[in-house]
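Data from input-v7.cif: mmCIF, C-alpha atoms
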```
data_coords
loop_
_atom_site.group_PDB
_atom_site.id
_atom_site.type_symbol
_atom_site.label_atom_id
_atom_site.label_comp_id
_atom_site.auth_asym_id
_atom_site.auth_seq_id
_atom_site.Cartn_x
_atom_site.Cartn_y
_atom_site.Cartn_z
ATOM 1 C CA MET A 1467 7.535 7.380 -20.656
ATOM 2 C CA LEU A 1468 7.163 7.411 -16.885
ATOM 3 C CA HIS A 1469 7.731 10.575 -14.916
ATOM 4 C CA ARG A 1470 8.259 10.905 -11.203
ATOM 5 C CA ILE A 1471 5.789 13.273 -9.597
ATOM 6 C CA GLU A 1472 6.626 14.838 -6.251
ATOM 7 C CA SER A 1473 3.355 15.405 -4.475
ATOM 8 C CA PRO A 1474 2.062 15.052 -0.920
ATOM 9 C CA ASP A 1475 -0.638 12.793 -2.399
ATOM 10 C CA PHE A 1476 2.028 10.214 -3.330
ATOM 11 C CA ALA A 1477 4.563 8.542 -1.056
ATOM 12 C CA ASP A 1478 7.705 6.605 -1.764
ATOM 13 C CA PRO A 1479 8.168 3.446 0.328
ATOM 14 C CA GLU A 1480 10.973 4.836 2.502
ATOM 15 C CA THR A 1481 8.958 7.878 3.584
ATOM 16 C CA ALA A 1482 5.814 5.841 4.137
ATOM 17 C CA LEU A 1483 7.693 3.248 6.228
ATOM 18 C CA ALA A 1484 9.350 5.910 8.369
ATOM 19 C CA ASP A 1485 6.103 7.705 9.206
ATOM 20 C CA ALA A 1486 3.554 4.855 9.362
ATOM 21 C CA CYS A 1487 2.300 2.997 12.411
ATOM 22 C CA PRO A 1488 3.488 -0.643 12.645
ATOM 23 C CA GLN A 1489 0.298 -2.127 11.144
ATOM 24 C CA ALA A 1490 0.352 0.297 8.228
ATOM 25 C CA ALA A 1491 4.102 -0.184 7.730
ATOM 26 C CA ALA A 1492 3.528 -3.917 7.201
ATOM 27 C CA LEU A 1493 1.022 -3.101 4.447
ATOM 28 C CA VAL A 1494 3.405 -0.559 2.888
ATOM 29 C CA GLN A 1495 6.068 -3.267 2.666
ATOM 30 C CA LEU A 1496 3.655 -5.386 0.631
ATOM 31 C CA LEU A 1497 3.293 -2.532 -1.857
ATOM 32 C CA CYS A 1498 7.023 -1.832 -2.242
ATOM 33 C CA ASP A 1499 7.417 -3.897 -5.425
ATOM 34 C CA CYS A 1500 3.998 -2.970 -6.845
ATOM 35 C CA ARG A 1501 4.276 -0.641 -9.849
ATOM 36 C CA HIS A 1502 0.567 0.097 -10.152
ATOM 37 C CA PRO A 1503 -0.168 3.844 -10.511
ATOM 38 C CA ARG A 1504 -2.355 3.804 -7.379
ATOM 39 C CA ALA A 1505 0.375 2.322 -5.162
ATOM 40 C CA GLY A 1506 1.931 5.703 -4.288
ATOM 41 C CA ARG A 1507 -1.398 7.199 -3.253
ATOM 42 C CA LEU A 1508 -2.248 4.137 -1.193
ATOM 43 C CA MET A 1509 1.138 4.288 0.557
ATOM 44 C CA ALA A 1510 0.479 7.953 1.391
ATOM 45 C CA ARG A 1511 -2.888 7.036 2.899
ATOM 46 C CA LEU A 1512 -1.265 4.246 4.910
ATOM 47 C CA ARG A 1513 1.430 6.643 6.108
ATOM 48 C CA ASP A 1514 -1.231 9.010 7.481
ATOM 49 C CA CYS A 1515 -3.524 6.315 8.910
ATOM 50 C CA GLN A 1516 -3.718 5.960 12.699
ATOM 51 C CA GLU A 1517 -7.114 4.331 13.361
ATOM 52 C CA SER A 1518 -7.543 0.551 13.429
ATOM 53 C CA GLN A 1519 -10.881 0.729 11.598
ATOM 54 C CA GLN A 1520 -9.270 2.717 8.796
ATOM 55 C CA ILE A 1521 -6.378 0.201 8.662
ATOM 56 C CA ASP A 1522 -8.909 -2.577 8.016
ATOM 57 C CA LEU A 1523 -10.384 -0.642 5.095
ATOM 58 C CA LEU A 1524 -6.939 0.087 3.693
ATOM 59 C CA ARG A 1525 -5.962 -3.588 4.049
ATOM 60 C CA ALA A 1526 -8.863 -4.407 1.708
ATOM 61 C CA GLU A 1527 -7.613 -1.776 -0.749
ATOM 62 C CA VAL A 1528 -4.108 -3.233 -0.570
ATOM 63 C CA PHE A 1529 -5.565 -6.659 -1.379
ATOM 64 C CA ASN A 1530 -7.443 -5.233 -4.371
ATOM 65 C CA LEU A 1531 -4.360 -3.471 -5.686
ATOM 66 C CA LEU A 1532 -2.185 -6.558 -5.251
ATOM 67 C CA ALA A 1533 -4.849 -8.676 -6.952
ATOM 68 C CA LEU A 1534 -4.892 -6.288 -9.915
ATOM 69 C CA SER A 1535 -1.104 -6.365 -10.122
ATOM 70 C CA PHE A 1536 -0.242 -9.979 -9.298
ATOM 71 C CA GLY A 1537 -3.515 -11.930 -9.292
ATOM 72 C CA PRO A 1538 -5.826 -12.868 -6.416
ATOM 73 C CA THR A 1539 -3.890 -15.986 -5.377
ATOM 74 C CA GLU A 1540 -0.612 -14.082 -5.011
ATOM 75 C CA ALA A 1541 -2.384 -11.210 -3.237
ATOM 76 C CA GLN A 1542 -3.858 -13.639 -0.690
ATOM 77 C CA ARG A 1543 -0.455 -15.317 -0.211
ATOM 78 C CA ARG A 1544 1.202 -11.957 0.475
ATOM 79 C CA LEU A 1545 -1.453 -10.887 2.978
ATOM 80 C CA GLN A 1546 -1.573 -14.263 4.752
ATOM 81 C CA PRO A 1547 1.117 -13.488 7.384
ATOM 82 C CA LEU A 1548 -0.743 -10.297 8.406
ATOM 83 C CA GLN A 1549 -4.058 -11.975 9.137
#
```
Written form, structure tokens:
Amino acid sequence: MLHRIESPDFADPETALADACPQAAALVQLLCDCRHPRAGRLMARLRDCQESQQIDLLRAEVFNLLALSFGPTEAQRRLQPLQ
């Protein structure tokens, strides 16, 4: 059974989109339909990210998470418009 955990380490998509910079918000949108347990933590990190170098590292983590959830081909297709 799944439980919802309220924690500053996790972010729901609406909160992450409201507080993220435009580059990070685009990556958060890619994670909105991902149900992987790490998605909430990654959205929280994207919400707090402000540096372009850190965005690049998080983009790689988003790709890895999408590849685990949907496969590498689908992950690449989803990230294609952002590159």
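Note that CA of Pro1503 in chain A and CA of Gln1549 in chain A are 25.5 Å apart.
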_Interatomic distance (Å, one decimal) between CA of Leu1483 in chain A and CA of Gln1495 in chain A_ = 7.6 Å
*Quick one: everything within 9 Å of Leu1493 in chain A, counting all atoms listed in the file, minus sequence neighbours fewer than 3 positions away in the same chain. Send it as a ChimeraX atom specification.*
/A:1488-1490,1496-1497,1509,1512,1524-1525,1528,1545,1548
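Note that the spacing between CA of Asp1485 in chain A and CA of Cys1515 in chain A amounts to 9.7 Å.
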*Spell out the residues picked by the PyMOL selection byres ((chain A and resi 1502) around 9) here, as a list in words.*
Cys1500, Arg1501, Pro1503, Arg1504, Ala1505, Gly1506, Leu1531, Leu1532, Leu1534 and Ser1535 of chain A
Starting from the incomplete input, reconstruct N, CA and C atoms of range 1504-1523 of chain A and write that as a compact mmCIF listing (two decimals), keeping the file's coordinate frame.
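Okay, this is what ended up in rebuild_12.txt:
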```
# COMPACT_ATOMS: atom_id res chain seq x y z
N ARG A 1504 -1.70 3.45 -8.64
CA ARG A 1504 -2.36 3.80 -7.38
C ARG A 1504 -1.52 3.47 -6.15
N ALA A 1505 -0.42 2.77 -6.32
CA ALA A 1505 0.38 2.32 -5.16
C ALA A 1505 0.91 3.50 -4.35
N GLY A 1506 1.40 4.54 -5.00
CA GLY A 1506 1.93 5.70 -4.29
C GLY A 1506 0.88 6.42 -3.46
N ARG A 1507 -0.31 6.56 -4.01
CA ARG A 1507 -1.40 7.20 -3.25
C ARG A 1507 -1.83 6.35 -2.07
N LEU A 1508 -1.86 5.03 -2.27
CA LEU A 1508 -2.25 4.14 -1.19
C LEU A 1508 -1.19 4.14 -0.08
N MET A 1509 0.08 4.20 -0.46
CA MET A 1509 1.14 4.29 0.56
C MET A 1509 1.02 5.59 1.36
N ALA A 1510 0.66 6.68 0.69
CA ALA A 1510 0.48 7.95 1.39
C ALA A 1510 -0.68 7.86 2.38
N ARG A 1511 -1.75 7.20 1.99
CA ARG A 1511 -2.89 7.04 2.90
C ARG A 1511 -2.51 6.15 4.08
N LEU A 1512 -1.72 5.11 3.82
CA LEU A 1512 -1.26 4.25 4.91
C LEU A 1512 -0.34 5.00 5.85
N ARG A 1513 0.51 5.85 5.30
CA ARG A 1513 1.43 6.64 6.11
C ARG A 1513 0.66 7.52 7.09
N ASP A 1514 -0.46 8.08 6.66
CA ASP A 1514 -1.23 9.01 7.48
C ASP A 1514 -2.29 8.33 8.36
N CYS A 1515 -2.48 7.05 8.20
CA CYS A 1515 -3.52 6.32 8.91
C CYS A 1515 -3.11 6.02 10.34
N GLN A 1516 -3.99 6.24 11.29
CA GLN A 1516 -3.72 5.96 12.70
C GLN A 1516 -4.83 5.14 13.37
N GLU A 1517 -5.98 5.02 12.75
CA GLU A 1517 -7.11 4.33 13.36
C GLU A 1517 -7.19 2.88 12.88
N SER A 1518 -7.50 1.96 13.79
CA SER A 1518 -7.54 0.55 13.43
C SER A 1518 -8.66 0.25 12.43
N GLN A 1519 -9.78 0.95 12.54
CA GLN A 1519 -10.88 0.73 11.60
C GLN A 1519 -10.46 1.15 10.18
N GLN A 1520 -9.75 2.25 10.09
CA GLN A 1520 -9.27 2.72 8.80
C GLN A 1520 -8.21 1.76 8.24
N ILE A 1521 -7.39 1.18 9.10
CA ILE A 1521 -6.38 0.20 8.66
C ILE A 1521 -7.07 -0.99 8.01
N ASP A 1522 -8.18 -1.44 8.59
CA ASP A 1522 -8.91 -2.58 8.02
C ASP A 1522 -9.41 -2.25 6.61
N LEU A 1523 -9.91 -1.05 6.42
CA LEU A 1523 -10.38 -0.64 5.10
C LEU A 1523 -9.22 -0.56 4.11
```
